[in-house]
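upload.txt follows (compact mmCIF, C-alpha atoms):
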```
# COMPACT_ATOMS: atom_id res chain seq x y z
CA MET A 1 -15.56 -1.49 21.09
CA LYS A 2 -13.42 -4.39 19.87
CA THR A 3 -13.11 -4.80 16.09
CA LEU A 4 -11.47 -7.75 14.37
CA LEU A 5 -10.25 -6.89 10.87
CA VAL A 6 -10.16 -9.83 8.47
CA TYR A 7 -7.85 -9.71 5.47
CA PRO A 8 -8.32 -12.71 3.15
CA ASN A 9 -5.34 -12.69 0.82
CA MET A 10 -3.63 -14.88 -1.75
CA PRO A 11 -0.63 -16.79 -0.33
CA LEU A 12 2.63 -14.80 -0.24
CA GLN A 13 1.12 -11.65 -1.74
CA PHE A 14 3.22 -9.27 0.33
CA SER A 15 1.74 -5.90 -0.64
CA LEU A 16 0.11 -4.13 2.29
CA PRO A 17 -3.51 -3.15 1.51
CA HIS A 18 -4.48 0.48 1.99
CA SER A 19 -8.04 -0.64 2.73
CA ILE A 20 -6.83 -2.30 5.94
CA GLY A 21 -4.37 0.46 6.80
CA ARG A 22 -7.04 3.12 6.44
CA VAL A 23 -9.84 1.31 8.30
CA SER A 24 -7.50 0.42 11.17
CA SER A 25 -6.50 4.06 11.47
CA ALA A 26 -10.15 5.17 11.38
CA LEU A 27 -11.21 2.62 13.99
CA LYS A 28 -8.43 3.60 16.36
CA GLU A 29 -9.36 7.24 15.82
CA SER A 30 -12.86 6.27 16.99
CA GLY A 31 -11.43 4.60 20.09
CA ASP A 32 -11.76 0.95 19.02
CA ASP A 33 -9.48 -1.84 20.15
CA VAL A 34 -8.34 -3.34 16.84
CA ARG A 35 -6.81 -6.67 15.88
CA LEU A 36 -6.15 -8.21 12.47
CA PHE A 37 -6.42 -11.74 11.07
CA ASP A 38 -4.30 -11.91 7.91
CA THR A 39 -4.19 -15.03 5.69
CA THR A 40 -1.12 -14.05 3.64
CA MET A 41 1.34 -16.48 5.21
CA TYR A 42 -0.95 -19.53 5.10
CA LEU A 43 -0.16 -21.69 2.08
CA SER A 44 -2.93 -23.44 0.19
CA ASP A 45 -2.70 -26.38 -2.20
CA GLY A 46 -1.00 -25.80 -5.52
CA GLN A 47 1.73 -23.48 -6.76
CA THR A 48 1.69 -19.94 -5.40
CA ASP A 49 1.86 -16.89 -7.65
CA GLU A 50 5.32 -16.13 -6.29
CA GLU A 51 6.53 -19.60 -7.30
CA LYS A 52 5.04 -19.09 -10.77
CA ARG A 53 6.78 -15.73 -11.16
CA ILE A 54 10.11 -17.25 -10.14
CA ALA A 55 9.65 -20.13 -12.59
CA ARG A 56 8.86 -17.65 -15.37
CA GLY A 57 11.97 -15.60 -14.68
CA GLN A 58 10.00 -12.53 -13.59
CA ILE A 59 11.54 -12.29 -10.10
CA GLN A 60 14.55 -13.71 -8.30
CA SER A 61 14.06 -16.61 -5.93
CA TYR A 62 14.16 -15.88 -2.21
CA GLU A 63 13.97 -17.76 1.05
CA VAL A 64 10.37 -17.68 2.27
CA ARG A 65 10.08 -16.84 5.93
CA GLY A 66 7.19 -16.39 8.34
CA LEU A 67 5.06 -19.22 6.96
CA LYS A 68 2.36 -20.57 9.27
CA ASP A 69 2.12 -24.37 9.53
CA THR A 70 -1.11 -24.35 11.54
CA ASP A 71 -4.68 -24.65 10.25
CA MET A 72 -5.93 -21.25 9.06
CA PHE A 73 -9.56 -21.82 10.03
CA GLU A 74 -8.66 -23.10 13.47
CA ASP A 75 -6.41 -20.08 14.00
CA PHE A 76 -9.19 -17.75 12.85
CA ASN A 77 -11.62 -19.16 15.38
CA LYS A 78 -8.95 -19.18 18.07
CA THR A 79 -8.39 -15.47 17.42
CA ILE A 80 -12.13 -14.85 17.78
CA ASP A 81 -12.26 -16.80 21.05
CA GLU A 82 -9.27 -14.96 22.52
CA PHE A 83 -10.13 -11.44 21.32
CA ASN A 84 -13.92 -11.74 21.65
CA PRO A 85 -14.69 -8.95 19.16
CA ASP A 86 -17.90 -6.92 19.12
CA ARG A 87 -17.74 -6.81 15.35
CA MET A 88 -15.70 -7.99 12.37
CA MET A 89 -14.80 -6.03 9.27
CA ILE A 90 -13.65 -7.94 6.18
CA THR A 91 -12.36 -6.57 2.89
CA PHE A 92 -12.81 -8.32 -0.47
CA VAL A 93 -11.24 -8.17 -3.92
CA ASP A 94 -12.40 -10.50 -6.69
CA ASN A 95 -9.85 -13.26 -6.20
CA THR A 96 -10.25 -13.40 -2.41
CA VAL A 97 -14.04 -13.67 -2.19
CA ASP A 98 -13.94 -17.47 -1.94
CA ILE A 99 -11.43 -17.69 0.89
CA GLY A 100 -13.06 -14.78 2.72
CA MET A 101 -16.50 -16.38 2.68
CA LYS A 102 -15.01 -19.70 3.84
CA LEU A 103 -13.49 -17.92 6.82
CA LEU A 104 -16.82 -16.36 7.74
CA LYS A 105 -18.60 -19.69 7.38
CA SER A 106 -16.10 -21.36 9.71
CA ASN A 107 -17.05 -18.99 12.54
CA LYS A 108 -19.67 -20.48 14.88
CA LYS A 109 -20.31 -17.32 16.90
CA LYS A 110 -22.76 -14.58 16.02
CA ILE A 111 -20.65 -11.49 15.39
CA TYR A 112 -21.86 -8.36 13.64
CA THR A 113 -19.95 -8.37 10.35
CA VAL A 114 -19.26 -5.53 7.94
CA ALA A 115 -17.93 -6.29 4.44
CA GLY A 116 -16.15 -3.75 2.26
CA GLY A 117 -13.48 -3.48 -0.38
CA VAL A 118 -13.42 -3.04 -4.14
CA SER A 119 -15.60 -6.08 -4.86
CA VAL A 120 -18.32 -4.93 -2.49
CA ILE A 121 -18.30 -1.37 -3.82
CA LEU A 122 -18.60 -2.57 -7.42
CA GLY A 123 -20.95 -5.51 -6.88
CA ALA A 124 -22.72 -5.41 -3.52
CA GLU A 125 -25.43 -7.81 -4.72
CA ARG A 126 -22.91 -10.66 -4.66
CA PHE A 127 -22.46 -10.29 -0.91
CA LYS A 128 -26.04 -10.54 0.28
CA SER A 129 -25.54 -13.30 2.81
CA PRO A 130 -26.68 -14.14 6.36
CA LEU A 131 -22.97 -14.11 7.22
CA ILE A 132 -22.78 -10.36 6.51
CA ASN A 133 -24.79 -7.76 8.38
CA LYS A 134 -23.70 -4.58 6.60
CA LEU A 135 -22.10 -3.71 3.29
CA CYS A 136 -19.75 -0.74 3.08
CA THR A 137 -20.24 0.53 -0.48
CA GLY A 138 -18.33 3.77 -0.02
CA SER A 139 -15.31 5.01 1.87
CA VAL A 140 -14.50 4.04 5.42
CA GLU A 141 -14.49 7.71 6.35
CA GLN A 142 -18.08 8.09 5.13
CA MET A 143 -19.15 5.08 7.18
CA LEU A 144 -17.35 5.84 10.44
CA PHE A 145 -17.36 9.65 10.31
CA PRO A 146 -20.61 10.62 8.55
CA ASN A 147 -20.43 14.16 9.98
CA ASN A 148 -16.82 14.63 8.85
CA PRO A 149 -16.06 12.27 5.96
CA ASN A 150 -13.02 14.33 4.94
CA ILE A 151 -11.09 13.49 8.10
CA GLU A 152 -7.38 13.03 7.32
CA LEU A 153 -6.06 9.58 8.20
CA MET A 154 -2.59 8.06 8.04
CA ASP A 155 -2.49 4.38 7.08
CA ASP A 156 -1.95 2.25 10.18
CA TRP A 157 0.53 -0.55 9.47
CA THR A 158 1.11 -1.40 13.14
CA VAL A 159 -1.95 -3.65 13.01
CA PHE A 160 0.07 -6.12 10.89
CA ASP A 161 2.61 -8.57 12.22
CA PRO A 162 5.94 -6.63 12.01
CA GLU A 163 7.32 -9.40 9.78
CA ARG A 164 4.70 -8.53 7.15
CA LEU A 165 6.28 -5.14 6.58
CA SER A 166 9.26 -6.92 5.01
CA ARG A 167 8.88 -7.56 1.31
CA PRO A 168 11.17 -9.62 -0.95
CA MET A 169 12.75 -7.76 -3.86
CA SER A 170 15.67 -8.89 -6.00
CA GLY A 171 16.02 -11.95 -3.78
CA LYS A 172 16.30 -10.03 -0.48
CA TYR A 173 13.85 -8.72 2.11
CA TYR A 174 13.38 -5.00 2.75
CA LYS A 175 11.10 -3.30 5.24
CA THR A 176 8.76 -1.59 2.79
CA ILE A 177 6.00 0.93 3.42
CA PRO A 178 3.35 1.68 0.75
CA LEU A 179 2.21 5.23 0.09
CA LEU A 180 -0.65 6.65 -1.98
CA THR A 181 -0.62 9.99 -3.80
CA ASP A 182 -4.24 9.69 -4.96
CA ASN A 183 -7.24 7.39 -4.54
CA SER A 184 -7.80 6.34 -8.15
CA CYS A 185 -6.37 6.87 -11.64
CA PRO A 186 -6.92 9.55 -14.30
CA TYR A 187 -6.94 6.91 -17.06
CA THR A 188 -9.77 4.62 -18.19
CA CYS A 189 -8.18 1.27 -19.08
CA GLY A 190 -10.82 -1.32 -19.90
CA PHE A 191 -9.37 -4.15 -17.78
CA CYS A 192 -9.11 -2.02 -14.62
CA SER A 193 -11.75 -1.27 -11.98
CA ALA A 194 -10.39 2.22 -11.26
CA PRO A 195 -12.71 3.99 -13.77
CA SER A 196 -15.82 2.48 -12.12
CA LEU A 197 -14.54 3.28 -8.64
CA LYS A 198 -13.88 6.83 -9.78
CA LYS A 199 -17.52 7.20 -10.90
CA ILE A 200 -18.76 6.02 -7.50
CA MET A 201 -16.26 7.63 -5.15
CA GLY A 202 -14.75 10.40 -7.23
CA TYR A 203 -11.12 11.03 -8.07
CA LYS A 204 -9.21 12.67 -5.26
CA ARG A 205 -5.58 13.60 -5.68
CA LYS A 206 -3.94 14.04 -2.29
CA SER A 207 -2.47 17.45 -1.72
CA LEU A 208 1.29 17.77 -1.86
CA GLU A 209 1.25 18.70 1.82
CA SER A 210 -0.70 15.55 2.73
CA VAL A 211 1.64 13.27 0.75
CA ILE A 212 4.71 14.79 2.40
CA LYS A 213 3.09 14.65 5.85
CA GLU A 214 2.31 10.94 5.52
CA LEU A 215 5.74 10.18 4.05
CA ASN A 216 7.43 11.77 7.04
CA PHE A 217 5.04 10.07 9.47
CA GLN A 218 5.57 6.58 8.04
CA VAL A 219 9.35 6.99 7.84
CA LYS A 220 9.51 8.17 11.45
CA THR A 221 7.13 5.43 12.67
CA HIS A 222 8.61 2.44 10.84
CA ASN A 223 12.12 3.36 9.69
CA PRO A 224 11.63 1.52 6.37
CA LYS A 225 14.38 0.64 3.92
CA PHE A 226 12.14 0.97 0.87
CA ILE A 227 9.07 2.97 -0.20
CA TYR A 228 6.41 1.54 -2.50
CA PHE A 229 4.29 4.20 -4.18
CA SER A 230 1.19 2.12 -4.86
CA SER A 231 -0.76 4.75 -6.80
CA GLU A 232 -1.93 3.52 -10.18
CA THR A 233 -0.23 6.44 -11.96
CA PHE A 234 2.65 8.00 -10.02
CA PHE A 235 2.98 10.96 -12.38
CA SER A 236 -0.65 12.00 -12.05
CA MET A 237 0.66 14.72 -9.74
CA PRO A 238 0.91 18.11 -11.54
CA ILE A 239 4.47 18.73 -12.67
CA ASN A 240 5.02 21.76 -10.43
CA ASP A 241 3.88 19.74 -7.40
CA PHE A 242 6.06 16.86 -8.47
CA ARG A 243 9.11 19.10 -8.69
CA LYS A 244 8.45 20.29 -5.14
CA PHE A 245 7.83 16.73 -3.97
CA ALA A 246 11.08 15.59 -5.57
CA GLU A 247 13.00 18.21 -3.60
CA THR A 248 11.42 17.00 -0.36
CA TYR A 249 11.90 13.33 -1.18
CA LYS A 250 15.61 13.79 -1.89
CA LYS A 251 16.01 14.55 1.83
CA VAL A 252 14.44 11.17 2.65
CA GLY A 253 16.53 9.42 0.01
CA LEU A 254 15.03 5.94 0.39
CA PRO A 255 14.92 3.78 -2.74
CA PHE A 256 11.40 3.40 -4.05
CA TRP A 257 9.21 1.60 -6.56
CA CYS A 258 6.38 3.18 -8.53
CA GLN A 259 4.14 2.56 -11.50
CA THR A 260 2.86 4.92 -14.16
CA HIS A 261 1.39 5.27 -17.65
CA VAL A 262 3.57 5.48 -20.76
CA ASN A 263 2.13 8.89 -21.64
CA THR A 264 3.22 10.45 -18.34
CA ILE A 265 6.93 9.78 -18.77
CA ASN A 266 9.35 12.35 -20.18
CA GLU A 267 13.02 13.15 -19.71
CA GLU A 268 12.54 15.77 -16.99
CA ARG A 269 10.49 13.37 -14.85
CA VAL A 270 12.92 10.51 -15.39
CA GLU A 271 15.83 12.74 -14.41
CA LEU A 272 13.94 13.70 -11.23
CA LEU A 273 13.34 10.00 -10.51
CA ARG A 274 17.06 9.37 -10.62
CA GLU A 275 17.74 12.27 -8.27
CA MET A 276 15.08 10.89 -5.88
CA ASN A 277 16.79 7.45 -5.81
CA CYS A 278 14.05 5.60 -7.73
CA HIS A 279 14.82 1.90 -7.88
CA ARG A 280 12.20 0.66 -10.35
CA VAL A 281 9.28 1.89 -12.47
CA ALA A 282 6.53 -0.45 -13.65
CA VAL A 283 5.03 0.51 -17.00
CA GLY A 284 1.82 -0.98 -18.37
CA ILE A 285 2.17 -2.10 -22.00
CA GLU A 286 -0.64 -4.72 -21.94
CA CYS A 287 -0.73 -5.44 -25.70
CA GLY A 288 1.80 -4.80 -28.47
CA ASN A 289 -0.76 -4.02 -31.17
CA GLU A 290 -1.51 -0.30 -31.29
CA GLN A 291 -4.97 -0.64 -32.84
CA TYR A 292 -6.17 -3.30 -30.38
CA ARG A 293 -4.58 -1.53 -27.42
CA ARG A 294 -6.32 1.72 -28.32
CA GLY A 295 -9.73 0.34 -29.28
CA MET A 296 -10.24 -2.56 -26.86
CA ILE A 297 -8.14 -1.57 -23.85
CA GLY A 298 -8.28 2.21 -24.14
CA LYS A 299 -4.55 2.87 -23.91
CA LYS A 300 -3.61 5.54 -26.40
CA PHE A 301 0.11 5.54 -27.01
CA THR A 302 2.28 4.41 -29.89
CA ASN A 303 4.75 1.54 -29.79
CA GLU A 304 7.45 4.05 -30.66
CA LYS A 305 6.55 6.06 -27.56
CA ALA A 306 6.70 2.90 -25.40
CA VAL A 307 10.16 2.00 -26.66
CA LYS A 308 11.35 5.58 -26.12
CA VAL A 309 10.18 5.42 -22.47
CA PHE A 310 12.34 2.40 -21.72
CA ARG A 311 15.25 3.97 -23.59
CA LEU A 312 14.95 7.00 -21.31
CA LEU A 313 14.76 4.91 -18.15
CA SER A 314 17.81 2.95 -19.25
CA LYS A 315 19.69 6.18 -20.03
CA TYR A 316 19.22 7.35 -16.45
CA GLY A 317 20.00 3.99 -14.88
CA ILE A 318 16.50 3.27 -13.53
CA GLN A 319 15.31 -0.32 -13.56
CA ALA A 320 11.92 -0.99 -15.10
CA SER A 321 9.19 -3.58 -15.54
CA SER A 322 7.07 -4.08 -18.63
CA ASN A 323 3.60 -5.36 -17.70
CA ASN A 324 1.69 -7.32 -20.33
CA ILE A 325 -1.55 -9.28 -20.63
CA VAL A 326 -2.39 -12.28 -22.81
CA GLY A 327 -5.76 -13.96 -23.34
CA LEU A 328 -7.56 -10.65 -23.77
CA PRO A 329 -11.09 -10.71 -25.25
CA MET A 330 -11.07 -11.73 -28.92
CA GLU A 331 -7.27 -11.72 -28.93
CA THR A 332 -5.54 -13.73 -31.64
CA LYS A 333 -2.19 -15.46 -31.71
CA GLU A 334 -0.99 -12.72 -34.06
CA LEU A 335 -1.86 -10.07 -31.47
CA MET A 336 0.09 -11.95 -28.82
CA ASP A 337 3.01 -12.13 -31.24
CA ASP A 338 2.79 -8.34 -31.54
CA THR A 339 3.12 -8.11 -27.75
CA VAL A 340 6.21 -10.31 -27.85
CA GLU A 341 7.70 -8.24 -30.67
CA LEU A 342 7.16 -4.90 -28.90
CA ASN A 343 8.75 -6.27 -25.75
CA ARG A 344 11.67 -7.53 -27.82
CA LYS A 345 12.26 -3.94 -28.94
CA ILE A 346 12.02 -2.82 -25.33
CA TYR A 347 14.48 -5.54 -24.30
CA ASN A 348 16.91 -4.32 -26.96
CA GLU A 349 16.83 -0.89 -25.27
CA MET A 350 17.04 -2.25 -21.71
CA SER A 351 18.60 -5.67 -21.34
CA ASP A 352 17.73 -5.92 -17.63
CA VAL A 353 14.04 -5.06 -18.06
CA GLN A 354 11.71 -7.24 -15.99
CA LEU A 355 9.25 -8.82 -18.43
CA ASN A 356 5.93 -9.52 -16.72
CA CYS A 357 3.09 -11.33 -18.41
CA TYR A 358 -0.32 -12.05 -16.90
CA VAL A 359 -3.50 -13.84 -17.97
CA TYR A 360 -6.48 -11.57 -18.53
CA GLN A 361 -9.10 -11.69 -15.77
CA PRO A 362 -12.61 -10.19 -16.25
CA TYR A 363 -12.80 -8.33 -12.94
CA HIS A 364 -16.16 -7.00 -11.81
CA GLY A 365 -16.87 -3.36 -12.53
CA THR A 366 -14.57 -3.21 -15.57
CA ARG A 367 -15.54 -2.22 -19.09
CA LEU A 368 -13.99 -5.36 -20.57
CA ARG A 369 -16.03 -7.59 -18.25
CA SER A 370 -19.18 -5.99 -19.67
CA TYR A 371 -17.83 -6.60 -23.16
CA CYS A 372 -17.16 -10.27 -22.36
CA LYS A 373 -20.64 -10.65 -20.89
CA ASN A 374 -22.30 -9.13 -23.95
CA LYS A 375 -20.27 -11.39 -26.24
CA GLY A 376 -21.06 -14.52 -24.20
CA LEU A 377 -17.39 -15.09 -23.32
CA LEU A 378 -17.75 -15.34 -19.53
CA ARG A 379 -17.43 -18.79 -18.01
CA LYS A 380 -19.23 -19.82 -14.83
CA VAL A 381 -16.15 -19.18 -12.71
CA GLU A 382 -15.04 -16.04 -10.94
CA PRO A 383 -11.82 -14.21 -11.83
CA ASN A 384 -8.78 -15.69 -10.12
CA SER A 385 -5.10 -14.88 -9.98
CA VAL A 386 -3.62 -13.01 -12.95
CA LEU A 387 -1.09 -15.84 -13.06
CA GLY A 388 -3.82 -18.49 -13.15
CA ASP A 389 -5.70 -20.08 -16.02
CA PRO A 390 -7.97 -18.19 -18.47
CA VAL A 391 -11.56 -17.78 -17.32
CA ILE A 392 -13.15 -16.51 -20.54
CA ASP A 393 -13.79 -18.26 -23.82
CA ASN A 394 -11.59 -16.94 -26.58
CA PRO A 395 -12.77 -18.00 -30.06
CA SER A 396 -9.36 -17.48 -31.65
CA VAL A 397 -6.87 -18.91 -29.14
CA LYS A 398 -6.85 -22.06 -27.01
CA ASP A 399 -6.25 -21.87 -23.28
CA SER A 400 -3.10 -23.94 -23.71
CA THR A 401 -1.69 -21.42 -26.20
CA ILE A 402 -2.43 -18.51 -23.87
CA MET A 403 -0.69 -20.29 -21.01
CA ASP A 404 2.30 -21.13 -23.23
CA TYR A 405 2.76 -17.43 -24.00
CA CYS A 406 2.33 -16.45 -20.37
CA ASN A 407 4.63 -19.14 -18.95
CA ASN A 408 7.36 -18.60 -21.55
CA PHE A 409 7.05 -14.88 -22.19
CA ASP A 410 10.56 -14.06 -21.04
CA LYS A 411 12.04 -16.75 -23.29
CA LEU A 412 9.90 -15.73 -26.27
CA VAL A 413 10.99 -12.10 -26.01
CA LYS A 414 14.66 -12.97 -25.61
CA GLY A 415 14.56 -15.38 -28.52
CA SER A 416 14.97 -18.68 -26.67
CA GLY A 417 11.36 -19.81 -26.90
CA ASP A 418 9.11 -21.08 -29.70
CA ASN A 419 5.96 -19.15 -30.57
CA GLY A 420 5.69 -20.61 -34.01
```
Is it possible to express this structure as structure tokens?
Amino acid sequence: MKTLLVYPNMPLQFSLPHSIGRVSSALKESGDDVRLFDTTMYLSDGQTDEEKRIARGQIQSYEVRGLKDTDMFEDFNKTIDEFNPDRMMITFVDNTVDIGMKLLKSNKKKIYTVAGGVSVILGAERFKSPLINKLCTGSVEQMLFPNNPNIELMDDWTVFDPERLSRPMSGKYYKTIPLLTDNSCPYTCGFCSAPSLKKIMGYKRKSLESVIKELNFQVKTHNPKFIYFSSETFFSMPINDFRKFAETYKKVGLPFWCQTHVNTINEERVELLREMNCHRVAVGIECGNEQYRRGMIGKKFTNEKAVKVFRLLSKYGIQASSNNIVGLPMETKELMDDTVELNRKIYNEMSDVQLNCYVYQPYHGTRLRSYCKNKGLLRKVEPNSVLGDPVIDNPSVKDSTIMDYCNNFDKLVKGSGDNG
């Protein structure tokens, strides 16, 4: 059987999606001939998220390569004509639903179409359409291997154009392979869909043996220059397992990027990160007000603890990113000032910290979306890019003020902006 995978993606969002890697691996395991149509390198009108991040000082500028100057919809239909698939499988997240449905509508042939992804799992009713024949509301393994849903699969990245495995970091491109250590997150942050996914699909931490097996497989297959641990919380692995993993990873020695929760970081783990050649850790701060962060978002750590984490990372020479959100439900200007102030303390501990700020988006399946709905804050627009405009009504702060904080966050923290 021939299967065409369709990956609708925001322009220049270089991360490789595990949903595609896993389904490609499963299909090939079943004997399918697989091809992928990926929209990442097609530019749309307006400023891309990458351009916004560069303008805001979050990332270094880089020379964009691999852009496609042809019409995306014409190329999609040309791919269908040339490959002549028996079926299509498309994956959706909230901010790619629009482009994904436009692709399907542009197709004039009748092709059996399966839709999956986070958005489908958390809100299948939105995808009831004559363009879609089947909704995958669980794992790919459950759908393709009902008699053996626990089959072990390695993500297949060969289905992507080889150029897509290169990812820009610090102004240069590196062949980068993503790796998961679990399928969800042990925490329950209100803005994140992971808690809802966990209720539906369970929380499965990959065994240490499985993580090491895939690491070795991907390194041997692709010879990457960088590893991207895309798990929500890198330190969710039990400490004894992590110590063993660290010993194995030292033999690989590739620089890597990971993300984790403030409460999972201590000196022993940071020291192990340095020994493993960790390049950067992303840490979610979200809001600088302890009471709001605990009550509304569900993140239970003190500002003192957050500052200590960055002090530790700086001590061991590991670069770090501080991730923040503005425009949260019922947020006030004073709360956003608290976020600036906490990040100023972090900046004083680590002068090269990457200060990221995003606009809150009420993603489907999240606790905060339900809160916004109950409070009548939702507008009649779907969530878009976290670097886009606000899409909820905030009674205390204007959209323009939220965007000022987001666009000038780096300057505000470093004292060269005006938040007065």
* For range 337-353 of chain A, list every protein, DNA or RNA residue within 10 Å, evaluated using only C-alpha atoms, and leave out those in the same chain fewer than 3 positions away; present the list as a ChimeraX atom specification. => /A:58,280,282,285-290,303-304,306-315,317-326,332-334,356-357,405,409-415,419-420
* Mind checking which residues fall within 6 Å of range 178-180 of chain A, counting only C-alpha atoms, ignoring those fewer than 6 positions away in the same chain, and posting them as a list in words? =>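 Skipping anything fewer than 6 positions along the chain leaves Ile227, Tyr228, Phe229, Ser230 and Ser231 of chain A.
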* **Contact residues around Arg369 in chain A with all atoms listed in the file at 10 Å, ignoring same-chain residues under 2 positions, as number ranges by chain** => A: 190-193, 329, 361-367, 371-375, 377-378, 392
* To do: Taking the point (-9.0, -13.5, 4.6) as given in the file, collect each protein or nucleic acid residue that comes within 8 Å of it, counting all atoms listed in the file, and present the set as a PyMOL selection string.
  => chain A and resi 6-9+37-40+90-91+96+99-100+103
* Could you pull the residues within 9 Å of Tyr292 in chain A, counting all atoms listed in the file, minus those fewer than 5 positions along the same chain, as number ranges by chain? -> A: 287, 297-298, 331, 335
* **Spatial neighbours of Asn384 in chain A, max dist 7 Å, all atoms listed in the file, sep filter under 2 positions, as a ChimeraX atom specification** => /A:95,361,382,386,388
* Asked: How many Å lie between CA of Met296 in chain A and CA of Pro383 in chain A, rounded to one decimal?
  -> 19.1 Å
* Structure fact -> Judged by all atoms listed in the file, the minimum distance to Tyr174 in chain A among A:Ser207, A:Asn223, A:Thr3, A:Thr158 is found for A:Asn223
